[in-house]
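Asker: Hey, dropping input.cif in here, mmCIF, C-alpha atoms:
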data_start
loop_
_atom_site.group_PDB
_atom_site.id
_atom_site.type_symbol
_atom_site.label_atom_id
_atom_site.label_comp_id
_atom_site.auth_asym_id
_atom_site.auth_seq_id
_atom_site.Cartn_x
_atom_site.Cartn_y
_atom_site.Cartn_z
ATOM 1 C CA MET K 13 18.713 -32.684 -47.358
ATOM 2 C CA LEU K 14 21.798 -30.932 -45.969
ATOM 3 C CA ILE K 15 24.325 -33.357 -47.445
ATOM 4 C CA ASP K 16 22.663 -33.222 -50.867
ATOM 5 C CA ASN K 17 22.965 -29.417 -50.869
ATOM 6 C CA LEU K 18 26.637 -29.279 -49.898
ATOM 7 C CA PRO K 19 28.525 -30.315 -53.037
ATOM 8 C CA GLY K 20 31.910 -30.610 -51.311
ATOM 9 C CA LEU K 21 30.654 -32.889 -48.571
ATOM 10 C CA LYS K 22 28.573 -35.004 -50.938
ATOM 11 C CA ASP K 23 31.592 -35.562 -53.197
ATOM 12 C CA SER K 24 33.775 -36.445 -50.201
ATOM 13 C CA LEU K 25 31.298 -39.014 -48.916
ATOM 14 C CA GLU K 26 31.221 -40.703 -52.311
ATOM 15 C CA ARG K 27 34.954 -41.429 -52.294
ATOM 16 C CA PRO K 28 35.874 -45.136 -52.419
ATOM 17 C CA MET K 29 37.334 -45.269 -48.897
ATOM 18 C CA ARG K 30 36.458 -46.452 -45.408
ATOM 19 C CA MET K 31 34.994 -43.666 -43.271
ATOM 20 C CA THR K 32 33.701 -42.834 -39.828
ATOM 21 C CA PHE K 33 30.701 -40.531 -39.615
ATOM 22 C CA PHE K 34 29.270 -38.961 -36.463
ATOM 23 C CA ALA K 35 25.604 -38.538 -37.356
ATOM 24 C CA ILE K 36 23.933 -35.354 -36.123
ATOM 25 C CA PRO K 37 20.266 -35.604 -35.047
ATOM 26 C CA ASP K 38 17.905 -32.811 -36.096
ATOM 27 C CA PRO K 39 17.643 -31.325 -32.562
ATOM 28 C CA CYS K 40 21.374 -30.563 -32.694
ATOM 29 C CA PHE K 41 20.825 -28.304 -35.708
ATOM 30 C CA GLU K 42 17.795 -26.769 -34.030
ATOM 31 C CA LYS K 43 19.881 -25.869 -30.973
ATOM 32 C CA ALA K 44 22.471 -24.158 -33.185
ATOM 33 C CA ILE K 45 19.851 -22.180 -35.118
ATOM 34 C CA TYR K 46 18.172 -21.149 -31.865
ATOM 35 C CA ALA K 47 21.502 -19.914 -30.433
ATOM 36 C CA LEU K 48 22.232 -17.985 -33.625
ATOM 37 C CA ASN K 49 18.837 -16.304 -33.749
ATOM 38 C CA ARG K 50 19.005 -15.414 -30.065
ATOM 39 C CA TYR K 51 22.410 -13.801 -30.630
ATOM 40 C CA ARG K 52 21.218 -11.881 -33.677
ATOM 41 C CA SER K 53 18.150 -10.667 -31.820
ATOM 42 C CA SER K 54 20.215 -9.504 -28.843
ATOM 43 C CA TYR K 55 22.451 -7.375 -31.085
ATOM 44 C CA GLU K 56 19.735 -6.365 -33.569
ATOM 45 C CA LEU K 57 21.519 -8.029 -36.478
ATOM 46 C CA GLY K 58 18.451 -9.163 -38.385
ATOM 47 C CA GLY K 59 15.515 -11.535 -38.415
ATOM 48 C CA ASN K 60 15.435 -15.227 -37.663
ATOM 49 C CA LEU K 61 17.218 -17.628 -39.985
ATOM 50 C CA SER K 62 16.728 -21.284 -40.815
ATOM 51 C CA LEU K 63 19.230 -23.837 -42.065
ATOM 52 C CA LYS K 64 18.103 -23.472 -45.687
ATOM 53 C CA ASP K 65 19.153 -19.797 -45.654
ATOM 54 C CA PHE K 66 22.784 -20.925 -45.758
ATOM 55 C CA LEU K 67 22.341 -23.098 -48.852
ATOM 56 C CA ILE K 68 22.323 -20.161 -51.263
ATOM 57 C CA GLU K 69 24.745 -19.830 -54.160
ATOM 58 C CA PRO K 70 28.042 -17.972 -53.541
ATOM 59 C CA PHE K 71 27.919 -14.237 -54.206
ATOM 60 C CA THR K 72 30.118 -11.140 -54.210
ATOM 61 C CA VAL K 73 29.498 -7.769 -52.594
ATOM 62 C CA ILE K 74 31.304 -4.722 -53.971
ATOM 63 C CA ASP K 75 31.892 -1.912 -51.490
ATOM 64 C CA SER K 76 33.352 1.563 -51.845
ATOM 65 C CA VAL K 77 35.443 2.136 -48.736
ATOM 66 C CA ILE K 78 36.341 5.757 -48.044
ATOM 67 C CA HIS K 79 39.590 6.592 -46.214
ATOM 68 C CA GLN K 80 40.556 10.046 -44.985
ATOM 69 C CA VAL K 81 44.156 10.719 -46.025
ATOM 70 C CA SER K 82 44.349 14.323 -44.830
ATOM 71 C CA THR K 83 42.111 16.993 -43.359
ATOM 72 C CA THR K 84 40.767 17.816 -46.830
ATOM 73 C CA GLU K 85 41.462 14.720 -48.927
ATOM 74 C CA PHE K 86 39.694 11.385 -49.097
ATOM 75 C CA ASP K 87 40.617 8.211 -50.924
ATOM 76 C CA THR K 88 38.034 5.716 -52.169
ATOM 77 C CA THR K 89 38.924 2.033 -52.507
ATOM 78 C CA VAL K 90 36.706 -0.511 -54.222
ATOM 79 C CA VAL K 91 36.661 -3.769 -52.278
ATOM 80 C CA GLU K 92 35.183 -7.088 -53.414
ATOM 81 C CA ARG K 93 34.005 -9.391 -50.643
ATOM 82 C CA HIS K 94 33.216 -12.975 -51.557
ATOM 83 C CA TYR K 95 30.706 -15.001 -49.551
ATOM 84 C CA ASP K 96 30.082 -18.717 -49.736
ATOM 85 C CA TYR K 97 27.923 -19.845 -46.845
ATOM 86 C CA ARG K 98 27.635 -23.352 -48.230
ATOM 87 C CA GLN K 99 31.406 -23.789 -47.993
ATOM 88 C CA GLN K 100 31.411 -22.530 -44.410
ATOM 89 C CA LEU K 101 28.634 -24.946 -43.532
ATOM 90 C CA ASP K 102 30.512 -27.653 -45.402
ATOM 91 C CA SER K 103 33.615 -27.041 -43.280
ATOM 92 C CA MET K 104 31.575 -27.402 -40.088
ATOM 93 C CA MET K 105 29.929 -30.606 -41.310
ATOM 94 C CA CYS K 106 33.289 -32.124 -42.205
ATOM 95 C CA SER K 107 34.337 -31.906 -38.550
ATOM 96 C CA TYR K 108 32.031 -34.881 -38.011
ATOM 97 C CA VAL K 109 33.452 -37.065 -40.799
ATOM 98 C CA PHE K 110 36.794 -38.863 -40.952
ATOM 99 C CA SER K 111 38.592 -41.121 -43.360
ATOM 100 C CA GLY K 112 39.451 -44.399 -41.702
ATOM 101 C CA GLU K 113 37.629 -46.602 -39.220
ATOM 102 C CA TYR K 114 37.188 -45.450 -35.627
ATOM 103 C CA THR K 115 35.149 -47.748 -33.407
ATOM 104 C CA ILE K 116 34.965 -47.937 -29.635
ATOM 105 C CA GLN K 117 37.127 -51.051 -29.753
ATOM 106 C CA ASN K 118 39.962 -49.810 -31.952
ATOM 107 C CA VAL K 119 40.177 -46.420 -30.226
ATOM 108 C CA GLU K 120 40.273 -48.211 -26.883
ATOM 109 C CA GLU K 121 43.102 -50.409 -28.145
ATOM 110 C CA VAL K 122 45.348 -47.370 -28.783
ATOM 111 C CA GLY K 123 44.846 -45.846 -25.352
ATOM 112 C CA GLY K 124 41.340 -44.420 -25.483
ATOM 113 C CA ALA K 125 41.935 -41.334 -27.624
ATOM 114 C CA VAL K 126 42.882 -40.461 -31.190
ATOM 115 C CA GLU K 127 43.186 -37.098 -32.937
ATOM 116 C CA PRO K 128 42.291 -37.576 -36.603
ATOM 117 C CA LEU K 129 41.995 -34.849 -39.198
ATOM 118 C CA ALA K 130 38.487 -33.938 -40.247
ATOM 119 C CA LEU K 131 37.523 -34.848 -43.779
ATOM 120 C CA ALA K 132 38.481 -32.380 -46.535
ATOM 121 C CA PHE K 133 39.549 -29.399 -44.389
ATOM 122 C CA ASP K 134 42.355 -30.972 -42.303
ATOM 123 C CA HIS K 135 40.957 -29.664 -39.034
ATOM 124 C CA GLN K 136 42.163 -31.778 -36.112
ATOM 125 C CA MET K 137 39.485 -33.257 -33.871
ATOM 126 C CA ARG K 138 39.639 -35.751 -31.004
ATOM 127 C CA ILE K 139 37.767 -39.012 -30.428
ATOM 128 C CA GLU K 140 37.697 -40.397 -26.898
ATOM 129 C CA VAL K 141 36.355 -43.645 -25.476
ATOM 130 C CA GLY K 142 36.370 -45.056 -21.972
ATOM 131 C CA ARG K 143 34.266 -46.258 -19.106
ATOM 132 C CA GLY K 144 32.423 -44.251 -16.511
ATOM 133 C CA SER K 145 32.220 -44.932 -12.794
ATOM 134 C CA ALA K 146 30.096 -47.637 -11.198
ATOM 135 C CA SER K 147 29.390 -47.780 -7.453
ATOM 136 C CA GLY K 148 32.055 -45.143 -6.939
ATOM 137 C CA VAL K 149 34.754 -47.101 -8.762
ATOM 138 C CA THR K 150 36.184 -45.566 -11.918
ATOM 139 C CA ASN K 151 36.452 -47.478 -15.198
ATOM 140 C CA LEU K 152 33.853 -50.062 -14.217
ATOM 141 C CA GLY K 153 30.773 -48.329 -15.617
ATOM 142 C CA ALA K 154 29.261 -48.250 -19.067
ATOM 143 C CA ARG K 155 31.421 -47.490 -22.050
ATOM 144 C CA TYR K 156 31.237 -44.025 -23.529
ATOM 145 C CA MET K 157 32.408 -42.405 -26.745
ATOM 146 C CA ARG K 158 32.615 -38.741 -27.599
ATOM 147 C CA LEU K 159 33.794 -36.414 -30.316
ATOM 148 C CA VAL K 160 35.768 -33.455 -29.007
ATOM 149 C CA GLU K 161 36.498 -30.027 -30.479
ATOM 150 C CA THR K 162 39.763 -28.887 -28.885
ATOM 151 C CA SER K 163 40.268 -25.792 -31.080
ATOM 152 C CA GLY K 164 43.981 -26.559 -30.928
ATOM 153 C CA SER K 165 44.132 -25.968 -27.180
ATOM 154 C CA LYS K 166 45.756 -28.232 -24.596
ATOM 155 C CA VAL K 167 43.518 -26.752 -21.891
ATOM 156 C CA THR K 168 40.803 -29.353 -21.443
ATOM 157 C CA THR K 169 38.388 -26.897 -19.821
ATOM 158 C CA GLN K 170 38.175 -25.144 -23.190
ATOM 159 C CA TRP K 171 37.230 -28.307 -25.066
ATOM 160 C CA VAL K 172 33.664 -28.908 -26.230
ATOM 161 C CA ASN K 173 32.380 -32.484 -26.115
ATOM 162 C CA ALA K 174 29.735 -34.163 -28.251
ATOM 163 C CA ASP K 175 28.556 -37.361 -26.572
ATOM 164 C CA VAL K 176 27.684 -40.417 -28.644
ATOM 165 C CA GLU K 177 24.256 -41.902 -28.000
ATOM 166 C CA THR K 178 24.542 -44.952 -30.274
ATOM 167 C CA SER K 179 27.876 -46.305 -31.487
ATOM 168 C CA ASN K 180 29.402 -48.797 -33.903
ATOM 169 C CA LEU K 181 26.720 -48.959 -36.587
ATOM 170 C CA SER K 182 28.342 -50.744 -39.505
ATOM 171 C CA THR K 183 27.774 -49.563 -43.084
ATOM 172 C CA SER K 184 29.050 -50.693 -46.457
ATOM 173 C CA ASN K 185 31.937 -48.209 -46.335
ATOM 174 C CA GLY K 186 32.626 -47.674 -42.645
ATOM 175 C CA TRP K 187 31.014 -46.813 -39.327
ATOM 176 C CA ILE K 188 28.345 -44.464 -38.010
ATOM 177 C CA HIS K 189 28.064 -43.141 -34.459
ATOM 178 C CA ILE K 190 24.912 -41.186 -33.589
ATOM 179 C CA LEU K 191 25.435 -38.162 -31.367
ATOM 180 C CA SER K 192 23.246 -37.226 -28.425
ATOM 181 C CA GLU K 193 20.432 -34.772 -29.139
ATOM 182 C CA GLY K 194 21.911 -32.505 -26.467
ATOM 183 C CA HIS K 195 24.818 -31.578 -28.735
ATOM 184 C CA GLU K 196 24.760 -28.191 -30.451
ATOM 185 C CA PHE K 197 25.862 -28.481 -34.081
ATOM 186 C CA GLY K 198 29.106 -26.623 -34.636
ATOM 187 C CA PHE K 199 30.369 -27.146 -31.086
ATOM 188 C CA ASN K 200 28.798 -23.898 -29.829
ATOM 189 C CA GLY K 201 30.410 -21.864 -32.606
ATOM 190 C CA PHE K 202 27.556 -21.633 -35.095
ATOM 191 C CA GLU K 203 26.448 -18.155 -34.000
ATOM 192 C CA GLN K 204 29.980 -16.756 -34.264
ATOM 193 C CA MET K 205 30.317 -18.109 -37.779
ATOM 194 C CA PHE K 206 27.037 -16.754 -39.140
ATOM 195 C CA TYR K 207 25.909 -13.920 -36.855
ATOM 196 C CA ASN K 208 26.322 -11.255 -39.540
ATOM 197 C CA TYR K 209 24.325 -13.055 -42.230
ATOM 198 C CA GLY K 210 22.349 -10.532 -44.267
ATOM 199 C CA ASN K 211 24.567 -7.610 -43.292
ATOM 200 C CA GLU K 212 27.307 -8.238 -45.836
ATOM 201 C CA LYS K 213 27.049 -4.765 -47.353
ATOM 202 C CA GLN K 214 29.351 -2.598 -45.268
ATOM 203 C CA LYS K 215 28.913 1.159 -45.006
ATOM 204 C CA GLY K 216 31.030 2.849 -47.606
ATOM 205 C CA ASP K 217 29.593 5.123 -50.241
ATOM 206 C CA GLU K 218 26.025 4.849 -49.021
#
Render the structure in this file as structure tokens.

Answerer:
Amino acid sequence: MLIDNLPGLKDSLERPMRMTFFAIPDPCFEKAIYALNRYRSSYELGGNLSLKDFLIEPFTVIDSVIHQVSTTEFDTTVVERHYDYRQQLDSMMCSYVFSGEYTIQNVEEVGGAVEPLALAFDHQMRIEVGRGSASGVTNLGARYMRLVETSGSKVTTQWVNADVETSNLSTSNGWIHILSEGHEFGFNGFEQMFYNYGNEKQKGDE
């Protein structure tokens, strides 16, 4: 449902190219919505939201912003604010989709990490593969793969990982890796992106 309602993402996925898609299970979206609603409730920013609330058509809010220019004079400025929640959601979804083929094997062959640009919005992500520990010995355990949001930082403690549960599913135009249900869609940033939903009208001439 989500892909069909995000025109930009749907068009991108229909391009004639090889792609890698990190599939997001439903519980990952549920975790993000829960975090958002908890944040909004804590700061009294409005009622609970669901994913479909962000699939509305773009709209514009016109505000009259009043500035005091002297002790007796005021200046009123008309400001147009444009909102497109589908595009914002689209940009978050594209962080899970990449042009090109990234499997455990070919990422491992280039050193265990690559930093491709996300589809459509040129946001740099990181894909890591490796092996865990076994009997106390590193690099002898099971293989792992993860998608990492670095937010442009070199400080690894600030990175947010999304672990892959099932990897290397071949499709007609590329590869799918299914993320763990423990991942929060948006790499823990969903609430910061949408916390003010429904409060677009700023105080001005009211």

Asker: Selection in question (the file shown): the PyMOL selection byres ((chain K and resi 75) around 7). Which residues does it include, as a PDB file with C-alpha atoms, in the frame of the given file?

Answerer:
ATOM      1  CA  VAL K  73      29.498  -7.769 -52.594  1.00  0.00           C
ATOM      2  CA  ILE K  74      31.304  -4.722 -53.971  1.00  0.00           C
ATOM      3  CA  SER K  76      33.352   1.563 -51.845  1.00  0.00           C
ATOM      4  CA  VAL K  77      35.443   2.136 -48.736  1.00  0.00           C
ATOM      5  CA  VAL K  90      36.706  -0.511 -54.222  1.00  0.00           C
ATOM      6  CA  VAL K  91      36.661  -3.769 -52.278  1.00  0.00           C
ATOM      7  CA  GLU K  92      35.183  -7.088 -53.414  1.00  0.00           C
ATOM      8  CA  LYS K 213      27.049  -4.765 -47.353  1.00  0.00           C
ATOM      9  CA  GLN K 214      29.351  -2.598 -45.268  1.00  0.00           C
ATOM     10  CA  GLY K 216      31.030   2.849 -47.606  1.00  0.00           C
TER      11      GLY K 216
END

Asker: So which residues get picked by the PyMOL selection byres ((chain K and resi 116) around 9) here, written as a VMD selection string?

Answerer: chain K and resid 114 to 115 117 to 121 124 140 to 142 155 to 157 179 to 180

Asker: Excluding K:Phe66 and residues on its chain fewer than 2 positions from it, collect all residues at most 10 Å away from it, counting only C-alpha atoms, and give them as a count of residues only.

Answerer: 16

Asker: Got a sec: who's within 8 Å of K:Asn208, counting all atoms listed in the file, leaving out chain neighbours fewer than 4 positions off, as a ChimeraX atom specification?

Answerer: /K:52,57,212

Asker: Of the residues K:Pro39, K:Gly58, K:Gly123, K:Pro128, which is the one nearest to K:Ser107, using all atoms listed in the file?

Answerer: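 Comparing K:Pro39, K:Gly58, K:Gly123, K:Pro128 against K:Ser107, the winner is K:Pro128.
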
Asker: With all atoms listed in the file as the basis for distance, which of K:Ile139, K:Leu129, K:Met29, K:Ala35 is at the shortest distance from K:Thr178?

Answerer: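 Closest to K:Thr178 of all the choices is K:Ala35.
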
Asker: Do you have the atom CA of K:Trp187-atom CA of K:Gly164 distance handy?

Answerer: 25.5 Å

Asker: Which of these, K:Gly144, K:Gly201, K:Gly186, K:Gly194, has the shortest distance to K:Met104 once you count all atoms listed in the file?

Answerer: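 Among the listed residues, K:Gly201 lies closest to K:Met104.
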
Asker: Evaluate the PyMOL selection byres ((chain K and resi 131) around 9) and record the selected residues as number ranges by chain, following the chain and residue labels used in the document.

Answerer: K: 21, 24, 103, 106-111, 129-130, 132-135

Asker: Between atom CA of K:Asn173 and atom CA of K:Phe199, measure the distance and give it in Å to one decimal.

Answerer: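 Between these atoms lies a distance of 7.6 Å.
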
Asker: Record the distance separating atom CA of K:Ala154 and atom CA of K:Asp175, expressed in Å with one decimal.

Answerer: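 Between atom CA of K:Ala154 and atom CA of K:Asp175 the gap works out to 13.2 Å.
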
Asker: Kindly list the centre and edge lengths in Å, rounded to one decimal, for the axis-aligned box that covers all listed atoms of stretch 115-134 of chain K plus 6 Å on each of its six sides, as lines of an AutoDock Vina configuration file.

Answerer:
center_x = 40.2
center_y = -40.2
center_z = -35.9
size_x = 22.4
size_y = 33.7
size_z = 33.2

Asker: Determine the nearest neighbour of K:Phe33 from the options K:Ile190, K:Val81, K:Trp171, K:Asp65, counting all atoms listed in the file.

Answerer: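 Selected residue with least distance to K:Phe33: K:Ile190.
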
Asker: For K:Tyr46, which residue out of K:Thr169, K:Thr32, K:Thr183, K:Asn60 is the nearest one, using all atoms listed in the file?

Answerer: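 Looking at the shortest contact to K:Tyr46, the residue is K:Asn60.
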
Asker: In terms of the shortest atom-to-atom distance over only C-alpha atoms, which of K:Lys43, K:Arg93, K:Arg50, K:Arg158 is closest to K:Leu191?

Answerer: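 Checking each candidate against K:Leu191, we get K:Arg158 as the closest.
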